[in-house]
Amino acid sequence: MTGDNSRMTTFIYTHDACFNHQPGPHHPESPERLEAVLQALQTPAFDNAVWREAPLGSFEQVELVHTPDYVQAVQDKSPTEGYRALDGGDTILSPGSLEAVMRCVGAACAGVDDVVAARARNVFCATRPCGHHAEADQAMGFCVFNQAAIAALHARVAHGIERVAVLDFDVHHGNGTQNSFYNDPNLFYGSCHQSPFYPGTGQWQETGVADNILNIPLSRGAGSSSFRAAMDQEMLPALRRFAPQLLIISAGFDAHHLDPLGGLKFTDEDYYWITAELMKVADESAQGRVVSVLEGGYSLQGLASGTAAHVRALMGL
């Protein structure tokens with residue numbers, strides 16, 4: 001799609017290299033996750049989406065969030081064969097992992113470039129592995145580099161966009177994103193997640209330097225009504241008060257009722273609803289600019305249907 005109509009469409013970034021991150025047999029963060037997502041999106045309902053090949057991100061972009069020592073350690077530990085653990089055993093590198101994570105970074109940053117330049121209405125990054133647990137100086141929870149946080153800082157450095165919000169509806173709290181944003185009043189991180197649960201962070205009292213962090217912990221089994229009430233009464237008003245110039249979504253689908261790891265029991269309709277509500281916020285203060293980055297989701301069926309609902313909402317279907 002070209003010309004004036006392109007501003008009204010959704011770009012989807014992906015790359016075959018994201019299949020080559022192989023954390024080993026029986027690992028939940030498997031290449032089959034991305035296969036399920038792409039199968040769900042490569043159907044006639046999404047014909048008007050524009051597909052883009054995820055570029056390689058740069059190490060300069062990665063170092064907007066991560067320390068040079070950590071970035072070098074990831075490069076040094078990337079194996080030429082077999083596996084290499086970056087943490088206690090959750091986050092595993094294989095020979096294809098470094099390119100995969102750099103494609104994740106590249107997709108998120110290119111998505112920012114696209115929406116700022118009005119080439120697209122919004123962007124979905126169908127990439128893996130996920131990123132929101134990655135801290136400035138360490139890997140955690142299947143995550144190597146924090147592409148959502150990197151994209152937010154890229155918007156600032158490359159485009160002068162000061163006020164960026166990340167909204168995270170993954171079942172797990174994004175400790176890495178929170179810690180990257182905590183002391184910057186112009187960065188907002190909002191998370192609705194299961195608690196108590198991994199990684200143990202994300203309590204109400206974690207509010208940031210200027211109330212720029214909002215955590216909404218939900219109990220196992222909370223379901224749609226609790227989620228929507230929390231969003232309506234707490235998160236969406238907080239986002240509107242912050243008035244972001246760009247909205248990034250950490251789109252995890254492991255709160256889906258089919259997910260084997262999570263227990264919040266969200267539905268596809270919940271994902272459609274929250275996406276549509278977030279787009280309204282972006283329309284009010286961010287010229288509609290939304291970049292969504294795939295995070296978790298470990299039921300292939302739930303991941304596929306949840307992602308499809310999310311992208312349908314992004315496309316206004």
# chains A, B, ... in the order shown; residues from 1 in each chain; ligands from 1

$ residues_around --residues "region 169-177 of chain A" --least-positions-apart "6" --cutoff "9 Å" --atoms "only C-alpha atoms" --output "PyMOL selection string"
chain A and resi 131-136+140+146+148-149+189-195+197-202+215+217+249-256+261-264+271+295-297

$ select_by_dssp --residues "region 123-280 of chain A" --states "strand (DSSP E)" --output "PyMOL selection string"
chain A and resi 123-125+164-168+187-194+213-218+246-251

$ atom_distance --atom1 "CA of Glu162 (chain A)" --atom2 "CA of Phe242 (chain A)"
11.6 Å

$ closest_residue --among "A:Pro23, A:Val123, A:Leu56, A:Gln61" --to "Gly89 (chain A)" --atoms "only C-alpha atoms"
A:Pro23

$ closest_residue --among "A:Ala117, A:Leu294, A:Ala286, A:Val281" --to "Asp168 (chain A)" --atoms "only C-alpha atoms"
A:Leu294

$ closest_residue --among "A:Gly111, A:Gly208, A:Pro28, A:Pro185" --to "Ile12 (chain A)" --atoms "only C-alpha atoms"
A:Gly111

$ residues_around --residues "Phe11 (chain A)" --least-positions-apart "6" --cutoff "9 Å" --atoms "only C-alpha atoms" --output "compact mmCIF listing (two decimals) with N, CA and C atoms, in the first residue's frame"
# COMPACT_ATOMS: atom_id res chain seq x y z
N ALA A 49 -2.77 -5.40 5.93
CA ALA A 49 -1.54 -5.11 6.65
C ALA A 49 -0.37 -5.10 5.68
N VAL A 50 0.65 -4.32 6.01
CA VAL A 50 1.85 -4.24 5.19
C VAL A 50 2.99 -4.94 5.92
N TRP A 51 3.55 -5.96 5.31
CA TRP A 51 4.60 -6.75 5.95
C TRP A 51 5.96 -6.15 5.64
N ARG A 52 6.81 -6.10 6.65
CA ARG A 52 8.15 -5.56 6.51
C ARG A 52 9.15 -6.53 7.13
N GLY A 111 9.85 0.44 13.78
CA GLY A 111 8.45 0.75 14.00
C GLY A 111 8.25 2.16 14.51
N ASP A 114 8.69 4.49 11.65
CA ASP A 114 7.53 4.47 10.75
C ASP A 114 6.38 5.32 11.25
N ARG A 119 4.43 6.93 8.09
CA ARG A 119 4.35 5.92 7.05
C ARG A 119 3.29 4.89 7.37
N ALA A 120 3.01 4.71 8.65
CA ALA A 120 2.01 3.74 9.09
C ALA A 120 1.23 4.33 10.24
N ARG A 121 0.01 3.85 10.39
CA ARG A 121 -0.79 4.27 11.55
C ARG A 121 -0.21 3.68 12.83
N ASN A 122 0.14 2.39 12.77
CA ASN A 122 0.73 1.70 13.90
C ASN A 122 1.52 0.51 13.41
N VAL A 123 2.25 -0.13 14.32
CA VAL A 123 3.17 -1.21 13.95
C VAL A 123 3.06 -2.33 14.97
N PHE A 124 3.09 -3.57 14.47
CA PHE A 124 3.20 -4.74 15.34
C PHE A 124 4.47 -5.48 14.99
N CYS A 125 5.29 -5.77 16.00
CA CYS A 125 6.55 -6.49 15.83
C CYS A 125 6.34 -7.96 16.18

$ atom_distance --atom1 "CA of Leu64 (chain A)" --atom2 "CA of Asp16 (chain A)"
25.5 Å

$ closest_residue --among "A:Met315, A:Met102, A:Val115, A:Ala304" --to "Leu38 (chain A)" --atoms "only C-alpha atoms"
A:Ala304

$ select_by_dssp --residues "region 71-261 of chain A" --states "helix (DSSP H, G or I)" --output "number ranges by chain"
A: 71-77, 97-116, 147-159, 175-181, 223-242

$ write_last_selection --atoms "C-alpha atoms" --output "PDB file, in the first residue's frame"
ATOM      1  CA  VAL A  71      26.160  -5.952  25.568  1.00  0.00           C
ATOM      2  CA  GLN A  72      29.721  -7.179  25.097  1.00  0.00           C
ATOM      3  CA  ALA A  73      29.055 -10.166  27.355  1.00  0.00           C
ATOM      4  CA  VAL A  74      26.077 -11.220  25.227  1.00  0.00           C
ATOM      5  CA  GLN A  75      28.275 -11.075  22.136  1.00  0.00           C
ATOM      6  CA  ASP A  76      31.094 -12.972  23.840  1.00  0.00           C
ATOM      7  CA  LYS A  77      28.772 -15.684  25.156  1.00  0.00           C
ATOM      8  CA  SER A  97      20.199 -16.044  19.048  1.00  0.00           C
ATOM      9  CA  LEU A  98      22.279 -12.896  18.616  1.00  0.00           C
ATOM     10  CA  GLU A  99      20.848 -12.117  15.192  1.00  0.00           C
ATOM     11  CA  ALA A 100      17.345 -12.887  16.454  1.00  0.00           C
ATOM     12  CA  VAL A 101      17.565 -10.440  19.346  1.00  0.00           C
ATOM     13  CA  MET A 102      19.098  -7.781  17.105  1.00  0.00           C
ATOM     14  CA  ARG A 103      16.189  -8.220  14.684  1.00  0.00           C
ATOM     15  CA  CYS A 104      13.843  -7.697  17.647  1.00  0.00           C
ATOM     16  CA  VAL A 105      15.595  -4.428  18.446  1.00  0.00           C
ATOM     17  CA  GLY A 106      15.653  -3.394  14.809  1.00  0.00           C
ATOM     18  CA  ALA A 107      11.943  -4.066  14.344  1.00  0.00           C
ATOM     19  CA  ALA A 108      10.945  -2.040  17.400  1.00  0.00           C
ATOM     20  CA  CYS A 109      13.124   0.924  16.446  1.00  0.00           C
ATOM     21  CA  ALA A 110      12.040   0.811  12.793  1.00  0.00           C
ATOM     22  CA  GLY A 111       8.447   0.746  13.999  1.00  0.00           C
ATOM     23  CA  VAL A 112       9.071   3.952  15.911  1.00  0.00           C
ATOM     24  CA  ASP A 113      10.593   5.493  12.787  1.00  0.00           C
ATOM     25  CA  ASP A 114       7.534   4.468  10.746  1.00  0.00           C
ATOM     26  CA  VAL A 115       4.891   5.924  13.021  1.00  0.00           C
ATOM     27  CA  VAL A 116       6.848   9.141  13.609  1.00  0.00           C
ATOM     28  CA  GLN A 147      13.317  -3.980  22.834  1.00  0.00           C
ATOM     29  CA  ALA A 148      10.321  -2.031  24.189  1.00  0.00           C
ATOM     30  CA  ALA A 149      12.529   0.117  26.430  1.00  0.00           C
ATOM     31  CA  ILE A 150      15.120   0.487  23.680  1.00  0.00           C
ATOM     32  CA  ALA A 151      12.429   1.691  21.266  1.00  0.00           C
ATOM     33  CA  ALA A 152      11.286   4.302  23.790  1.00  0.00           C
ATOM     34  CA  LEU A 153      14.805   5.707  24.156  1.00  0.00           C
ATOM     35  CA  HIS A 154      15.348   5.500  20.400  1.00  0.00           C
ATOM     36  CA  ALA A 155      12.274   7.724  19.941  1.00  0.00           C
ATOM     37  CA  ARG A 156      13.940  10.297  22.159  1.00  0.00           C
ATOM     38  CA  VAL A 157      17.399  10.165  20.613  1.00  0.00           C
ATOM     39  CA  ALA A 158      16.378   9.832  16.959  1.00  0.00           C
ATOM     40  CA  HIS A 159      13.218  11.916  16.919  1.00  0.00           C
ATOM     41  CA  ASN A 175      10.876  -5.537  35.802  1.00  0.00           C
ATOM     42  CA  GLY A 176      13.470  -4.562  33.211  1.00  0.00           C
ATOM     43  CA  THR A 177      11.309  -1.887  31.618  1.00  0.00           C
ATOM     44  CA  GLN A 178      10.261  -0.543  35.010  1.00  0.00           C
ATOM     45  CA  ASN A 179      13.853  -0.226  36.177  1.00  0.00           C
ATOM     46  CA  SER A 180      14.891   1.504  32.953  1.00  0.00           C
ATOM     47  CA  PHE A 181      12.101   4.081  33.359  1.00  0.00           C
ATOM     48  CA  GLY A 223     -10.514 -12.745  34.786  1.00  0.00           C
ATOM     49  CA  SER A 224     -11.966 -10.206  32.373  1.00  0.00           C
ATOM     50  CA  SER A 225     -14.052  -8.121  34.744  1.00  0.00           C
ATOM     51  CA  SER A 226     -11.168  -7.380  37.117  1.00  0.00           C
ATOM     52  CA  PHE A 227      -8.831  -6.609  34.229  1.00  0.00           C
ATOM     53  CA  ARG A 228     -11.226  -4.225  32.501  1.00  0.00           C
ATOM     54  CA  ALA A 229     -12.136  -2.468  35.745  1.00  0.00           C
ATOM     55  CA  ALA A 230      -8.465  -1.958  36.584  1.00  0.00           C
ATOM     56  CA  MET A 231      -7.772  -0.570  33.142  1.00  0.00           C
ATOM     57  CA  ASP A 232     -10.829   1.701  33.139  1.00  0.00           C
ATOM     58  CA  GLN A 233     -10.441   3.030  36.645  1.00  0.00           C
ATOM     59  CA  GLU A 234      -6.653   3.190  37.067  1.00  0.00           C
ATOM     60  CA  MET A 235      -4.474   2.610  34.022  1.00  0.00           C
ATOM     61  CA  LEU A 236      -6.257   4.491  31.239  1.00  0.00           C
ATOM     62  CA  PRO A 237      -6.771   7.626  33.384  1.00  0.00           C
ATOM     63  CA  ALA A 238      -3.092   7.527  34.406  1.00  0.00           C
ATOM     64  CA  LEU A 239      -2.024   7.255  30.779  1.00  0.00           C
ATOM     65  CA  ARG A 240      -4.209  10.198  29.860  1.00  0.00           C
ATOM     66  CA  ARG A 241      -2.726  12.286  32.659  1.00  0.00           C
ATOM     67  CA  PHE A 242       0.759  11.444  31.425  1.00  0.00           C
TER      68      PHE A 242
END

$ decode --residues "region 157-178 of chain A" --atoms "N, CA and C atoms" --output "short mmCIF file (atom, residue, chain, number, x, y, z; two decimals), in the first residue's frame"
data_model
loop_
_atom_site.label_atom_id
_atom_site.label_comp_id
_atom_site.auth_asym_id
_atom_site.auth_seq_id
_atom_site.Cartn_x
_atom_site.Cartn_y
_atom_site.Cartn_z
N VAL A 157 16.11 9.81 21.22
CA VAL A 157 17.40 10.17 20.61
C VAL A 157 17.25 10.48 19.12
N ALA A 158 16.47 9.68 18.41
CA ALA A 158 16.38 9.83 16.96
C ALA A 158 15.35 10.87 16.53
N HIS A 159 14.34 11.09 17.36
CA HIS A 159 13.22 11.92 16.92
C HIS A 159 12.85 13.03 17.89
N GLY A 160 13.52 13.14 19.01
CA GLY A 160 13.22 14.20 19.96
C GLY A 160 11.90 14.05 20.68
N ILE A 161 11.36 12.85 20.71
CA ILE A 161 10.10 12.60 21.42
C ILE A 161 10.43 12.36 22.89
N GLU A 162 10.00 13.25 23.75
CA GLU A 162 10.38 13.19 25.15
C GLU A 162 9.52 12.24 25.96
N ARG A 163 8.21 12.32 25.76
CA ARG A 163 7.26 11.62 26.64
C ARG A 163 6.79 10.34 25.97
N VAL A 164 7.28 9.22 26.48
CA VAL A 164 6.94 7.92 25.91
C VAL A 164 6.38 7.04 27.01
N ALA A 165 5.29 6.34 26.70
CA ALA A 165 4.69 5.39 27.64
C ALA A 165 4.80 3.98 27.10
N VAL A 166 5.06 3.04 27.98
CA VAL A 166 4.97 1.61 27.67
C VAL A 166 3.87 1.02 28.53
N LEU A 167 2.91 0.39 27.88
CA LEU A 167 1.84 -0.31 28.57
C LEU A 167 2.05 -1.81 28.37
N ASP A 168 2.09 -2.55 29.44
CA ASP A 168 2.48 -3.97 29.44
C ASP A 168 1.33 -4.79 29.99
N PHE A 169 0.74 -5.66 29.15
CA PHE A 169 -0.32 -6.55 29.66
C PHE A 169 0.09 -8.02 29.66
N ASP A 170 1.38 -8.28 29.58
CA ASP A 170 1.90 -9.62 29.80
C ASP A 170 1.52 -10.10 31.21
N VAL A 171 1.38 -11.41 31.40
CA VAL A 171 1.01 -11.92 32.72
C VAL A 171 2.10 -11.68 33.76
N HIS A 172 3.34 -11.51 33.31
CA HIS A 172 4.47 -11.26 34.19
C HIS A 172 4.81 -9.77 34.20
N HIS A 173 5.22 -9.27 35.33
CA HIS A 173 5.65 -7.88 35.44
C HIS A 173 6.95 -7.67 34.69
N GLY A 174 7.03 -6.55 33.95
CA GLY A 174 8.23 -6.22 33.19
C GLY A 174 9.25 -5.46 34.03
N ASN A 175 9.93 -6.17 34.88
CA ASN A 175 10.88 -5.54 35.80
C ASN A 175 11.96 -4.75 35.08
N GLY A 176 12.41 -5.25 33.93
CA GLY A 176 13.47 -4.56 33.21
C GLY A 176 13.02 -3.21 32.69
N THR A 177 11.82 -3.16 32.11
CA THR A 177 11.31 -1.89 31.62
C THR A 177 11.08 -0.93 32.77
N GLN A 178 10.49 -1.41 33.85
CA GLN A 178 10.26 -0.54 35.01
C GLN A 178 11.57 0.07 35.50
#
